[in-house]
Structures are given as structure tokens and as C-alpha cells.
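Participant: Input upload17.cif, format and content: mmCIF, C-alpha atoms.
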```cif
data_data
#
loop_
_atom_site.label_atom_id
_atom_site.label_comp_id
_atom_site.auth_asym_id
_atom_site.auth_seq_id
_atom_site.Cartn_x
_atom_site.Cartn_y
_atom_site.Cartn_z
CA MET A 1 -68.88 -1.78 26.10
CA LYS A 2 -69.18 0.51 23.07
CA CYS A 3 -65.91 -0.53 21.39
CA CYS A 4 -66.98 -4.19 21.32
CA VAL A 5 -70.23 -3.31 19.56
CA ILE A 6 -68.35 -1.22 17.00
CA ARG A 7 -65.86 -4.05 16.41
CA GLN A 8 -68.71 -6.54 15.88
CA ARG A 9 -70.39 -4.26 13.37
CA ILE A 10 -67.13 -3.81 11.44
CA GLU A 11 -66.47 -7.57 11.44
CA GLN A 12 -69.93 -8.16 9.94
CA GLN A 13 -68.81 -6.07 6.95
CA VAL A 14 -65.13 -7.00 6.48
CA GLY A 15 -64.60 -10.30 8.31
CA TRP A 16 -62.48 -11.21 11.32
CA ILE A 17 -60.28 -8.32 12.51
CA HIS A 18 -56.65 -9.26 13.12
CA SER A 19 -55.63 -5.86 14.53
CA ILE A 20 -56.78 -2.27 15.00
CA HIS A 21 -54.29 0.53 15.62
CA PRO A 22 -54.96 4.27 15.81
CA VAL A 23 -53.13 6.35 13.22
CA ALA A 24 -50.68 8.90 14.65
CA GLU A 25 -52.25 11.76 16.63
CA GLN A 26 -54.34 14.03 14.44
CA GLU A 27 -56.18 17.25 15.05
CA GLY A 28 -59.83 17.46 14.13
CA THR A 29 -63.16 15.90 14.89
CA ALA A 30 -62.36 12.25 14.09
CA ILE A 31 -60.17 9.34 15.15
CA VAL A 32 -58.56 7.35 12.34
CA TYR A 33 -57.70 3.65 12.69
CA HIS A 34 -55.63 1.23 10.60
CA VAL A 35 -57.61 -2.06 10.52
CA LYS A 36 -56.08 -5.35 9.33
CA THR A 37 -58.24 -8.36 8.44
CA LEU A 38 -57.50 -11.71 6.83
CA ASP A 39 -58.71 -10.34 3.48
CA GLY A 40 -57.19 -6.86 3.48
CA THR A 41 -56.31 -3.61 5.17
CA TYR A 42 -58.74 -0.76 5.80
CA ILE A 43 -58.72 2.77 7.13
CA LEU A 44 -61.59 3.53 9.51
CA LYS A 45 -62.55 7.09 10.36
CA GLN A 46 -64.73 7.53 13.45
CA ALA A 47 -66.27 10.88 14.35
CA SER A 48 -65.32 11.72 17.93
CA LEU A 49 -66.63 15.26 18.36
CA PRO A 50 -69.39 17.33 16.78
CA ARG A 51 -68.30 19.60 13.92
#
```
Re-express the file's structure as C-alpha cells.

Facilitator:
Amino acid sequence: MKCCVIRQRIEQQVGWIHSIHPVAEQEGTAIVYHVKTLDGTYILKQASLPR
């Protein structure tokens, strides 16, 4: 499953992920996520469509 691989790669960089939530619906070519870990909060932008 692609999302599990992505999550593992993110956790290698920032540590254990407590939660991931998409940011409110946006228009454009990316999906934005709010990621919470034990050490901090991050914003993750993932390209979803070609430009």
C-alpha cells in the first residue's frame, strides 16, 4: 500500500507519527496534510497531479 510506504519514509525523518489529517479542501495540484509527532507539528505537501 502506497500510503504505508510514505508514512514509513516520513517517520524515518521526523519520528513516530501520532496523527495525520488533511488540511481543508484546496484547489491545485497538491494535497496538504497536518502531521503531529511526539517532537512537533509539521505541514506536508504532496503533489497529487502533474502541473

Participant: On this file, the PyMOL selection byres ((chain A and resi 15) around 10) gives some set of residues; write that set as a ChimeraX atom specification.

Facilitator: /A:8-14,16-18,36-40

Participant: Please produce an output containing C-alpha atoms for each residue in the selection, written as a CSV table (one decimal), in the coordinates of the input.

Facilitator:
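Listed below is the output, part06.csv:
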```csv
chain,number,residue,atom,x,y,z
A,8,GLN,CA,-68.7,-6.5,15.9
A,9,ARG,CA,-70.4,-4.3,13.4
A,10,ILE,CA,-67.1,-3.8,11.4
A,11,GLU,CA,-66.5,-7.6,11.4
A,12,GLN,CA,-69.9,-8.2,9.9
A,13,GLN,CA,-68.8,-6.1,7.0
A,14,VAL,CA,-65.1,-7.0,6.5
A,16,TRP,CA,-62.5,-11.2,11.3
A,17,ILE,CA,-60.3,-8.3,12.5
A,18,HIS,CA,-56.6,-9.3,13.1
A,36,LYS,CA,-56.1,-5.4,9.3
A,37,THR,CA,-58.2,-8.4,8.4
A,38,LEU,CA,-57.5,-11.7,6.8
A,39,ASP,CA,-58.7,-10.3,3.5
A,40,GLY,CA,-57.2,-6.9,3.5
```

Participant: For a test of reading the model, state the distance in Å between atom CA of A:Val5 and atom CA of A:Glu27, rounded to one decimal.

Facilitator: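 Taking atom CA of A:Val5 as the start and atom CA of A:Glu27 as the end point, the length is 25.3 Å.
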
Participant: State, in Å with one decimal place, the distance from atom CA of A:Ile6 to atom CA of A:Pro50.

Facilitator: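 Computing it gives 18.6 Å between the two atoms.
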
Participant: To test your reading of the syntax: which residues would the PyMOL selection byres ((chain A and resi 20) around 6) return for the file shown? Reply as a list in words.

Facilitator: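 Applied to this file, the PyMOL selection byres ((chain A and resi 20) around 6) selects Ser19, His21, His34 and Val35 of chain A.
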
Participant: Any idea what the distance is between atom CA of A:Leu49 and atom CA of A:Pro22?

Facilitator: 16.2 Å

Participant: Please enclose the listed atoms of stretch 17-27 of chain A in an axis-aligned box, pad each side by 8 Å, and write out the centre and the three edge lengths in Å, rounded to one decimal, as lines of an AutoDock Vina configuration file.

Facilitator:
```
center_x = -55.5
center_y = 4.0
center_z = 14.6
size_x = 25.6
size_y = 42.5
size_z = 20.1
```

Participant: Report as an mmCIF file with C-alpha atoms, in the frame of the given file the full result of the PyMOL selection byres ((chain A and resi 30) around 9) when it is applied to this structure.

Facilitator:
```
data_model
loop_
_atom_site.group_PDB
_atom_site.id
_atom_site.type_symbol
_atom_site.label_atom_id
_atom_site.label_comp_id
_atom_site.auth_asym_id
_atom_site.auth_seq_id
_atom_site.Cartn_x
_atom_site.Cartn_y
_atom_site.Cartn_z
ATOM 1 C CA GLN A 26 -54.340 14.030 14.440
ATOM 2 C CA GLU A 27 -56.180 17.250 15.050
ATOM 3 C CA GLY A 28 -59.830 17.460 14.130
ATOM 4 C CA THR A 29 -63.160 15.900 14.890
ATOM 5 C CA ILE A 31 -60.170 9.340 15.150
ATOM 6 C CA VAL A 32 -58.560 7.350 12.340
ATOM 7 C CA LYS A 45 -62.550 7.090 10.360
ATOM 8 C CA GLN A 46 -64.730 7.530 13.450
ATOM 9 C CA ALA A 47 -66.270 10.880 14.350
ATOM 10 C CA SER A 48 -65.320 11.720 17.930
ATOM 11 C CA LEU A 49 -66.630 15.260 18.360
#
```

Participant: Could you add N, CA, C and O atoms to stretch 22-48 of chain A and give me the result as an mmCIF file, in the frame of the given file?

Facilitator:
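Output file out31.cif is given in full below:
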```cif
data_model
loop_
_atom_site.group_PDB
_atom_site.id
_atom_site.type_symbol
_atom_site.label_atom_id
_atom_site.label_comp_id
_atom_site.auth_asym_id
_atom_site.auth_seq_id
_atom_site.Cartn_x
_atom_site.Cartn_y
_atom_site.Cartn_z
ATOM 1 N N PRO A 22 -54.692 2.876 16.177
ATOM 2 C CA PRO A 22 -54.960 4.270 15.810
ATOM 3 C C PRO A 22 -53.794 4.823 14.986
ATOM 4 O O PRO A 22 -52.630 4.471 15.222
ATOM 5 N N VAL A 23 -54.134 5.650 14.012
ATOM 6 C CA VAL A 23 -53.130 6.350 13.220
ATOM 7 C C VAL A 23 -52.566 7.454 14.094
ATOM 8 O O VAL A 23 -53.247 7.939 15.004
ATOM 9 N N ALA A 24 -51.341 7.871 13.844
ATOM 10 C CA ALA A 24 -50.680 8.900 14.650
ATOM 11 C C ALA A 24 -51.620 10.057 14.973
ATOM 12 O O ALA A 24 -52.534 10.373 14.204
ATOM 13 N N GLU A 25 -51.403 10.677 16.111
ATOM 14 C CA GLU A 25 -52.250 11.760 16.630
ATOM 15 C C GLU A 25 -52.585 12.767 15.528
ATOM 16 O O GLU A 25 -51.715 13.213 14.797
ATOM 17 N N GLN A 26 -53.856 13.080 15.432
ATOM 18 C CA GLN A 26 -54.340 14.030 14.440
ATOM 19 C C GLN A 26 -55.220 15.056 15.125
ATOM 20 O O GLN A 26 -55.862 14.765 16.119
ATOM 21 N N GLU A 27 -55.269 16.233 14.552
ATOM 22 C CA GLU A 27 -56.180 17.250 15.050
ATOM 23 C C GLU A 27 -57.466 17.159 14.253
ATOM 24 O O GLU A 27 -57.462 16.765 13.105
ATOM 25 N N GLY A 28 -58.572 17.475 14.861
ATOM 26 C CA GLY A 28 -59.830 17.460 14.130
ATOM 27 C C GLY A 28 -60.926 16.811 14.934
ATOM 28 O O GLY A 28 -60.832 16.647 16.147
ATOM 29 N N THR A 29 -61.971 16.421 14.229
ATOM 30 C CA THR A 29 -63.160 15.900 14.890
ATOM 31 C C THR A 29 -63.322 14.401 14.706
ATOM 32 O O THR A 29 -64.408 13.870 14.896
ATOM 33 N N ALA A 30 -62.253 13.685 14.316
ATOM 34 C CA ALA A 30 -62.360 12.250 14.090
ATOM 35 C C ALA A 30 -61.114 11.526 14.594
ATOM 36 O O ALA A 30 -60.045 12.115 14.733
ATOM 37 N N ILE A 31 -61.286 10.231 14.833
ATOM 38 C CA ILE A 31 -60.170 9.340 15.150
ATOM 39 C C ILE A 31 -60.028 8.396 13.973
ATOM 40 O O ILE A 31 -61.017 7.857 13.483
ATOM 41 N N VAL A 32 -58.805 8.197 13.500
ATOM 42 C CA VAL A 32 -58.560 7.350 12.340
ATOM 43 C C VAL A 32 -57.816 6.097 12.787
ATOM 44 O O VAL A 32 -56.849 6.175 13.547
ATOM 45 N N TYR A 33 -58.288 4.926 12.316
ATOM 46 C CA TYR A 33 -57.700 3.650 12.690
ATOM 47 C C TYR A 33 -57.221 2.891 11.450
ATOM 48 O O TYR A 33 -57.832 2.981 10.385
ATOM 49 N N HIS A 34 -56.150 2.146 11.607
ATOM 50 C CA HIS A 34 -55.630 1.230 10.600
ATOM 51 C C HIS A 34 -56.138 -0.152 11.010
ATOM 52 O O HIS A 34 -55.804 -0.637 12.084
ATOM 53 N N VAL A 35 -56.971 -0.790 10.183
ATOM 54 C CA VAL A 35 -57.610 -2.060 10.520
ATOM 55 C C VAL A 35 -57.094 -3.146 9.570
ATOM 56 O O VAL A 35 -57.189 -3.002 8.351
ATOM 57 N N LYS A 36 -56.556 -4.227 10.138
ATOM 58 C CA LYS A 36 -56.080 -5.350 9.330
ATOM 59 C C LYS A 36 -57.017 -6.541 9.523
ATOM 60 O O LYS A 36 -57.366 -6.880 10.653
ATOM 61 N N THR A 37 -57.423 -7.161 8.410
ATOM 62 C CA THR A 37 -58.240 -8.360 8.440
ATOM 63 C C THR A 37 -57.521 -9.452 7.654
ATOM 64 O O THR A 37 -56.468 -9.199 7.064
ATOM 65 N N LEU A 38 -58.091 -10.632 7.619
ATOM 66 C CA LEU A 38 -57.500 -11.710 6.830
ATOM 67 C C LEU A 38 -57.540 -11.407 5.336
ATOM 68 O O LEU A 38 -56.694 -11.871 4.577
ATOM 69 N N ASP A 39 -58.524 -10.611 4.908
ATOM 70 C CA ASP A 39 -58.710 -10.340 3.480
ATOM 71 C C ASP A 39 -58.161 -9.005 3.011
ATOM 72 O O ASP A 39 -58.164 -8.733 1.816
ATOM 73 N N GLY A 40 -57.703 -8.145 3.922
ATOM 74 C CA GLY A 40 -57.190 -6.860 3.480
ATOM 75 C C GLY A 40 -56.949 -5.892 4.612
ATOM 76 O O GLY A 40 -57.093 -6.217 5.784
ATOM 77 N N THR A 41 -56.586 -4.684 4.225
ATOM 78 C CA THR A 41 -56.310 -3.610 5.170
ATOM 79 C C THR A 41 -57.257 -2.456 4.877
ATOM 80 O O THR A 41 -57.512 -2.134 3.718
ATOM 81 N N TYR A 42 -57.764 -1.838 5.936
ATOM 82 C CA TYR A 42 -58.740 -0.760 5.800
ATOM 83 C C TYR A 42 -58.329 0.414 6.669
ATOM 84 O O TYR A 42 -57.615 0.257 7.648
ATOM 85 N N ILE A 43 -58.831 1.576 6.300
ATOM 86 C CA ILE A 43 -58.720 2.770 7.130
ATOM 87 C C ILE A 43 -60.136 3.086 7.615
ATOM 88 O O ILE A 43 -61.066 3.172 6.813
ATOM 89 N N LEU A 44 -60.291 3.238 8.910
ATOM 90 C CA LEU A 44 -61.590 3.530 9.510
ATOM 91 C C LEU A 44 -61.531 4.907 10.142
ATOM 92 O O LEU A 44 -60.630 5.200 10.927
ATOM 93 N N LYS A 45 -62.470 5.750 9.791
ATOM 94 C CA LYS A 45 -62.550 7.090 10.360
ATOM 95 C C LYS A 45 -63.791 7.155 11.210
ATOM 96 O O LYS A 45 -64.906 6.930 10.736
ATOM 97 N N GLN A 46 -63.617 7.479 12.497
ATOM 98 C CA GLN A 46 -64.730 7.530 13.450
ATOM 99 C C GLN A 46 -64.857 8.945 13.991
ATOM 100 O O GLN A 46 -63.910 9.490 14.568
ATOM 101 N N ALA A 47 -66.033 9.536 13.803
ATOM 102 C CA ALA A 47 -66.270 10.880 14.350
ATOM 103 C C ALA A 47 -66.205 10.812 15.865
ATOM 104 O O ALA A 47 -66.777 9.923 16.473
ATOM 105 N N SER A 48 -65.467 11.730 16.468
ATOM 106 C CA SER A 48 -65.320 11.720 17.930
ATOM 107 C C SER A 48 -65.924 12.955 18.589
ATOM 108 O O SER A 48 -66.248 12.923 19.757
#
```
